[in-house]
Amino acid sequence: MLRISHLTKTYGSKTAVSDLTLHIAPGEIYGFIGHNGAGKTTTLKACCGILPFDQGEILVDGISVKEDPLACKKRIAYIPDNPDLYEFLTGFQYLNFIADVFAIPKDERKRRIDQYAEVFSLTGDLGQPVSSYSHGMKQKLAILSALIHQPRLLMMDEPFVGLDPSASHQLKTIMRELCNQGCAIFFSTHVLEVAEKLCDKVAIIRGGKLVAAGSMEDVKGDASLEEVFLELAEKAGA
């Protein structure tokens with residue numbers, strides 16, 4: 001579903017991501033972990049077509065992000081670490097705007113909005129302007145907007161930050177349900193306990209370079225993911 005081949009992205013003289021290769025298959029929850037500044041957000045934005053990159057290729061469902069970015073964006077949803085929402089709109093208006101972008105029929109969009117708003121306890125707030133929302137409520141609204149067009153690839157940057165325990169649990173449940181339906185999920189997180197329990201595969205990046213990738217069991221072995229992450233990070237920095 002997502003194939004990253006030899007991705008390299010530089011900012012001036014700084015190499016943010018260097019020769020990164022990963023493959024996320026349908027049905028997989030793939031965790032992406034690393035220290036701040038390791039290259040996680042740059043990679044995710046490149047995969048979404050938000051950031052151009054210097055070398056390599058990124059394919060979404062077999063389609064090149066460089067050659068046909070619009071076709072790729074029809075298949076994906078991206079939740080950044082700090083979602084920028086149109087705060088002058090109400091929650092309903094914002095979700096309907098997103099539904100218009102993806103040409104979701106009115107009956108179907110209402111069903112999905114009602115379903116996910118109930119799951120995330122946001123139903124009573126959708127009539128209020130987004131400017132009145134707390135950070136957690138904005139995060140929930142961003143999640144709803146990503147789910148309503150049923151993406152084939154869901155990419156998220158620190159999606160659990162700001163969510164209350166109930167919403168966090170609901171998101172993890174939905175992630176697994178989506179993958180059971182053939183969706184692929186690629187997300188970054190600093191919450192290693194969540195990644196260890198939730199992810200089928202994991203990649204560890206440091207200084208823009210991949211230091212480990214594979215199934216969760218293969219990467220962590222008999223240790224915890226936190227122990228493996230700290231050990232690999234220390235080795236890479238040596």
# chains A, B, ... in the order shown; residues from 1 in each chain; ligands from 1
call {"tool": "select_by_dssp", "arguments": {"residues": "range 57-120 of chain A", "states": "helix (DSSP H, G or I)", "output": "ChimeraX atom specification"}}
result
/A:69-75,91-101,106-119
call {"tool": "residues_around", "arguments": {"residues": "Lys138 in chain A", "least_positions_apart": "3", "cutoff": "12 Å", "atoms": "only C-alpha atoms", "output": "PyMOL selection string"}}
result
chain A and resi 79-87+90-91+94-95+120+122+125-126+128-135+141-145+159+161-163
call {"tool": "write_last_selection", "arguments": {"atoms": "N, CA, C and O atoms", "output": "tab-separated table (two decimals), in the first residue's frame"}}
result
chain	number	residue	atom	x	y	z
A	79	ILE	N	-3.03	12.88	9.39
A	79	ILE	CA	-3.28	13.68	10.58
A	79	ILE	C	-1.93	14.17	11.11
A	79	ILE	O	-1.12	13.37	11.60
A	80	PRO	N	-1.64	15.47	10.98
A	80	PRO	CA	-0.36	15.99	11.47
A	80	PRO	C	-0.33	16.05	12.98
A	80	PRO	O	-1.36	15.86	13.65
A	81	ASP	N	0.85	16.32	13.54
A	81	ASP	CA	0.97	16.33	14.99
A	81	ASP	C	0.27	17.53	15.61
A	81	ASP	O	-0.11	17.49	16.78
A	82	ASN	N	0.07	18.59	14.83
A	82	ASN	CA	-0.65	19.76	15.33
A	82	ASN	C	-1.61	20.22	14.24
A	82	ASN	O	-1.31	21.12	13.46
A	83	PRO	N	-2.79	19.59	14.17
A	83	PRO	CA	-3.71	19.86	13.06
A	83	PRO	C	-4.11	21.33	12.97
A	83	PRO	O	-4.50	21.95	13.96
A	84	ASP	N	-4.00	21.89	11.77
A	84	ASP	CA	-4.45	23.25	11.51
A	84	ASP	C	-5.86	23.16	10.90
A	84	ASP	O	-6.02	22.78	9.75
A	85	LEU	N	-6.85	23.51	11.70
A	85	LEU	CA	-8.24	23.42	11.28
A	85	LEU	C	-8.78	24.82	10.99
A	85	LEU	O	-8.24	25.82	11.46
A	86	TYR	N	-9.85	24.89	10.22
A	86	TYR	CA	-10.48	26.18	9.94
A	86	TYR	C	-11.35	26.55	11.15
A	86	TYR	O	-12.50	26.11	11.27
A	87	GLU	N	-10.80	27.38	12.01
A	87	GLU	CA	-11.42	27.62	13.31
A	87	GLU	C	-12.67	28.48	13.23
A	87	GLU	O	-13.45	28.52	14.18
A	90	THR	N	-17.86	25.71	12.18
A	90	THR	CA	-18.28	24.78	13.24
A	90	THR	C	-17.72	23.40	12.91
A	90	THR	O	-17.24	23.15	11.79
A	91	GLY	N	-17.78	22.50	13.87
A	91	GLY	CA	-17.33	21.14	13.63
A	91	GLY	C	-18.07	20.50	12.48
A	91	GLY	O	-17.47	19.85	11.61
A	94	TYR	N	-16.90	21.98	9.16
A	94	TYR	CA	-15.58	21.50	8.78
A	94	TYR	C	-15.64	20.08	8.21
A	94	TYR	O	-15.04	19.79	7.17
A	95	LEU	N	-16.38	19.21	8.88
A	95	LEU	CA	-16.50	17.83	8.39
A	95	LEU	C	-17.21	17.77	7.05
A	95	LEU	O	-16.85	16.97	6.18
A	120	PHE	N	-16.32	9.17	19.62
A	120	PHE	CA	-15.36	10.06	20.27
A	120	PHE	C	-16.02	11.12	21.16
A	120	PHE	O	-15.37	12.10	21.55
A	122	LEU	N	-18.15	13.51	20.65
A	122	LEU	CA	-18.04	14.85	20.10
A	122	LEU	C	-19.36	15.36	19.53
A	122	LEU	O	-19.45	16.50	19.08
A	125	ASP	N	-20.80	18.77	20.46
A	125	ASP	CA	-19.93	19.92	20.23
A	125	ASP	C	-19.78	20.30	18.78
A	125	ASP	O	-19.17	21.32	18.46
A	126	LEU	N	-20.35	19.51	17.87
A	126	LEU	CA	-20.12	19.75	16.45
A	126	LEU	C	-20.79	21.03	15.96
A	126	LEU	O	-20.41	21.58	14.93
A	128	GLN	N	-20.62	23.82	17.54
A	128	GLN	CA	-19.84	24.94	18.06
A	128	GLN	C	-18.66	25.25	17.13
A	128	GLN	O	-18.16	24.37	16.43
A	129	PRO	N	-18.21	26.53	17.12
A	129	PRO	CA	-17.05	26.86	16.29
A	129	PRO	C	-15.80	26.14	16.76
A	129	PRO	O	-15.59	25.94	17.96
A	130	VAL	N	-14.97	25.76	15.82
A	130	VAL	CA	-13.75	25.03	16.15
A	130	VAL	C	-12.85	25.87	17.05
A	130	VAL	O	-12.08	25.34	17.87
A	131	SER	N	-12.95	27.19	16.95
A	131	SER	CA	-12.13	28.08	17.78
A	131	SER	C	-12.41	27.88	19.28
A	131	SER	O	-11.57	28.23	20.12
A	132	SER	N	-13.58	27.34	19.61
A	132	SER	CA	-13.92	27.14	21.02
A	132	SER	C	-13.45	25.78	21.54
A	132	SER	O	-13.59	25.49	22.73
A	133	TYR	N	-12.90	24.94	20.67
A	133	TYR	CA	-12.51	23.58	21.05
A	133	TYR	C	-11.20	23.58	21.84
A	133	TYR	O	-10.29	24.39	21.59
A	134	SER	N	-11.09	22.62	22.75
A	134	SER	CA	-9.82	22.37	23.42
A	134	SER	C	-8.89	21.65	22.44
A	134	SER	O	-9.31	21.21	21.36
A	135	HIS	N	-7.61	21.50	22.83
A	135	HIS	CA	-6.66	20.79	21.97
A	135	HIS	C	-7.13	19.36	21.71
A	135	HIS	O	-7.06	18.87	20.57
A	141	LEU	N	-11.57	15.99	16.21
A	141	LEU	CA	-12.18	16.45	14.96
A	141	LEU	C	-11.28	16.11	13.77
A	141	LEU	O	-11.77	15.70	12.70
A	142	ALA	N	-9.98	16.26	13.94
A	142	ALA	CA	-9.04	15.90	12.87
A	142	ALA	C	-9.12	14.42	12.56
A	142	ALA	O	-9.07	14.00	11.39
A	143	ILE	N	-9.27	13.61	13.58
A	143	ILE	CA	-9.40	12.15	13.38
A	143	ILE	C	-10.69	11.84	12.62
A	143	ILE	O	-10.69	11.04	11.68
A	144	LEU	N	-11.79	12.47	13.03
A	144	LEU	CA	-13.05	12.27	12.32
A	144	LEU	C	-12.92	12.64	10.85
A	144	LEU	O	-13.39	11.92	9.97
A	145	SER	N	-12.27	13.76	10.58
A	145	SER	CA	-12.14	14.22	9.19
A	145	SER	C	-11.29	13.27	8.36
A	145	SER	O	-11.47	13.17	7.14
A	159	PRO	N	-0.61	10.65	16.90
A	159	PRO	CA	-2.06	10.79	16.97
A	159	PRO	C	-2.65	10.73	18.37
A	159	PRO	O	-3.78	11.18	18.58
A	161	VAL	N	-1.42	12.15	21.15
A	161	VAL	CA	-1.14	13.33	21.97
A	161	VAL	C	-2.42	14.16	22.12
A	161	VAL	O	-3.07	14.50	21.13
A	162	GLY	N	-2.78	14.47	23.34
A	162	GLY	CA	-3.96	15.30	23.60
A	162	GLY	C	-5.25	14.54	23.77
A	162	GLY	O	-6.26	15.12	24.17
A	163	LEU	N	-5.26	13.23	23.45
A	163	LEU	CA	-6.48	12.45	23.59
A	163	LEU	C	-6.64	11.96	25.03
A	163	LEU	O	-5.66	11.56	25.67
call {"tool": "residues_around", "arguments": {"residues": "Leu7 in chain A", "least_positions_apart": "5", "cutoff": "9 Å", "atoms": "only C-alpha atoms", "output": "VMD selection string"}}
result
chain A and resid 17 to 21 43 46 53 to 58
call {"tool": "residues_around", "arguments": {"residues": "Gly39 in chain A", "least_positions_apart": "4", "cutoff": "8 Å", "atoms": "only C-alpha atoms", "output": "list in words"}}
result
Ala16, Val17, Gly34, Thr43, Ile205, Arg206, Gly207 and Gly208 of chain A
call {"tool": "write_last_selection", "arguments": {"atoms": "N, CA and C atoms", "output": "PDB file, in the first residue's frame"}}
result
ATOM      1  N   ALA A  16      17.735  15.539   6.272  1.00  0.00           N
ATOM      2  CA  ALA A  16      16.710  15.175   7.247  1.00  0.00           C
ATOM      3  C   ALA A  16      16.380  13.690   7.186  1.00  0.00           C
ATOM      4  N   VAL A  17      16.348  13.128   5.978  1.00  0.00           N
ATOM      5  CA  VAL A  17      16.084  11.700   5.765  1.00  0.00           C
ATOM      6  C   VAL A  17      17.082  11.203   4.731  1.00  0.00           C
ATOM      7  N   GLY A  34      11.301   7.366  16.859  1.00  0.00           N
ATOM      8  CA  GLY A  34      12.603   8.022  16.839  1.00  0.00           C
ATOM      9  C   GLY A  34      12.554   9.261  17.701  1.00  0.00           C
ATOM     10  N   THR A  43       9.379  12.440   6.758  1.00  0.00           N
ATOM     11  CA  THR A  43       9.006  11.259   5.980  1.00  0.00           C
ATOM     12  C   THR A  43       7.507  11.219   5.731  1.00  0.00           C
ATOM     13  N   ILE A 205      14.123   5.127  13.526  1.00  0.00           N
ATOM     14  CA  ILE A 205      14.932   6.043  12.743  1.00  0.00           C
ATOM     15  C   ILE A 205      15.723   6.950  13.679  1.00  0.00           C
ATOM     16  N   ARG A 206      16.939   7.225  13.290  1.00  0.00           N
ATOM     17  CA  ARG A 206      17.778   8.147  14.070  1.00  0.00           C
ATOM     18  C   ARG A 206      18.630   8.958  13.105  1.00  0.00           C
ATOM     19  N   GLY A 207      18.600  10.282  13.270  1.00  0.00           N
ATOM     20  CA  GLY A 207      19.395  11.135  12.406  1.00  0.00           C
ATOM     21  C   GLY A 207      19.080  10.965  10.943  1.00  0.00           C
ATOM     22  N   GLY A 208      17.818  10.644  10.640  1.00  0.00           N
ATOM     23  CA  GLY A 208      17.391  10.480   9.263  1.00  0.00           C
ATOM     24  C   GLY A 208      17.688   9.130   8.654  1.00  0.00           C
TER      25      GLY A 208
END
call {"tool": "residues_around", "arguments": {"residues": "Ala167 in chain A", "least_positions_apart": "6", "cutoff": "10 Å", "atoms": "only C-alpha atoms", "output": "list in words"}}
result
Val119, Phe120, Ser121, Gly136, Met137, Gln139, Lys140, Phe160 and Thr173 of chain A
call {"tool": "write_last_selection", "arguments": {"atoms": "C-alpha atoms", "output": "PDB file, in the first residue's frame"}}
result
ATOM      1  CA  VAL A 119     -17.544   7.086  19.321  1.00  0.00           C
ATOM      2  CA  PHE A 120     -15.357  10.062  20.268  1.00  0.00           C
ATOM      3  CA  SER A 121     -18.038  11.825  22.389  1.00  0.00           C
ATOM      4  CA  GLY A 136      -8.081  17.318  22.584  1.00  0.00           C
ATOM      5  CA  MET A 137     -11.360  18.169  20.860  1.00  0.00           C
ATOM      6  CA  GLN A 139      -7.494  16.302  17.708  1.00  0.00           C
ATOM      7  CA  LYS A 140     -10.738  14.296  17.743  1.00  0.00           C
ATOM      8  CA  PHE A 160      -2.487  10.002  20.687  1.00  0.00           C
ATOM      9  CA  THR A 173      -9.811  -0.073  18.297  1.00  0.00           C
TER      10      THR A 173
END
call {"tool": "closest_residue", "arguments": {"among": "A:Ser13, A:Ser188, A:Ser64, A:Asn96", "to": "His149 in chain A", "atoms": "only C-alpha atoms"}}
result
A:Asn96
call {"tool": "closest_residue", "arguments": {"among": "A:Asp114, A:Asp61, A:Asp164, A:Glu196", "to": "Ala223 in chain A", "atoms": "only C-alpha atoms"}}
result
A:Glu196
call {"tool": "atom_distance", "arguments": {"atom1": "CA of Glu177 in chain A", "atom2": "CA of Arg112 in chain A"}}
result
14.7 Å
call {"tool": "select_by_dssp", "arguments": {"residues": "range 53-193 of chain A", "states": "strand (DSSP E or B)", "output": "ChimeraX atom specification"}}
result
/A:55-60,63-64,76-79,90,129,153-157,184-188
call {"tool": "residues_around", "arguments": {"residues": "Tyr30 in chain A", "least_positions_apart": "2", "cutoff": "8 Å", "atoms": "only C-alpha atoms", "output": "ChimeraX atom specification"}}
result
/A:24,28,32,184-187,199-203
call {"tool": "atom_distance", "arguments": {"atom1": "CA of Ala233 in chain A", "atom2": "CA of Val60 in chain A"}}
result
29.3 Å
call {"tool": "residues_around", "arguments": {"residues": "Leu192 in chain A", "least_positions_apart": "5", "cutoff": "12 Å", "atoms": "only C-alpha atoms", "output": "PDB file with C-alpha atoms, in the first residue's frame"}}
result
ATOM      1  CA  GLY A  31       4.841   2.204  13.909  1.00  0.00           C
ATOM      2  CA  PHE A  32       7.539   4.785  13.191  1.00  0.00           C
ATOM      3  CA  ILE A  33       9.620   5.801  16.195  1.00  0.00           C
ATOM      4  CA  GLY A  34      12.603   8.022  16.839  1.00  0.00           C
ATOM      5  CA  HIS A  35      13.817  10.993  18.827  1.00  0.00           C
ATOM      6  CA  GLU A 158       1.697  11.469  17.110  1.00  0.00           C
ATOM      7  CA  PHE A 160      -2.487  10.002  20.687  1.00  0.00           C
ATOM      8  CA  LYS A 197       0.998  -3.530  21.920  1.00  0.00           C
ATOM      9  CA  LEU A 198      -0.655  -2.157  18.796  1.00  0.00           C
ATOM     10  CA  CYS A 199       1.778  -2.415  15.891  1.00  0.00           C
ATOM     11  CA  VAL A 202       7.923  -1.072  13.572  1.00  0.00           C
ATOM     12  CA  ALA A 203      10.735   1.061  12.169  1.00  0.00           C
ATOM     13  CA  ILE A 204      13.274   2.967  14.246  1.00  0.00           C
ATOM     14  CA  MET A 216       7.467  -6.205  16.266  1.00  0.00           C
ATOM     15  CA  LYS A 220      12.262  -6.357  20.033  1.00  0.00           C
ATOM     16  CA  SER A 224      10.760  -4.403  25.527  1.00  0.00           C
ATOM     17  CA  LEU A 225      10.502  -1.990  22.617  1.00  0.00           C
ATOM     18  CA  GLU A 226      11.727   0.783  24.907  1.00  0.00           C
ATOM     19  CA  GLU A 227      14.875  -1.171  25.780  1.00  0.00           C
ATOM     20  CA  VAL A 228      15.590  -1.943  22.123  1.00  0.00           C
ATOM     21  CA  PHE A 229      14.947   1.644  21.082  1.00  0.00           C
ATOM     22  CA  LEU A 230      17.324   3.070  23.682  1.00  0.00           C
TER      23      LEU A 230
END
call {"tool": "atom_distance", "arguments": {"atom1": "CA of Cys183 in chain A", "atom2": "CA of Met1 in chain A"}}
result
8.3 Å
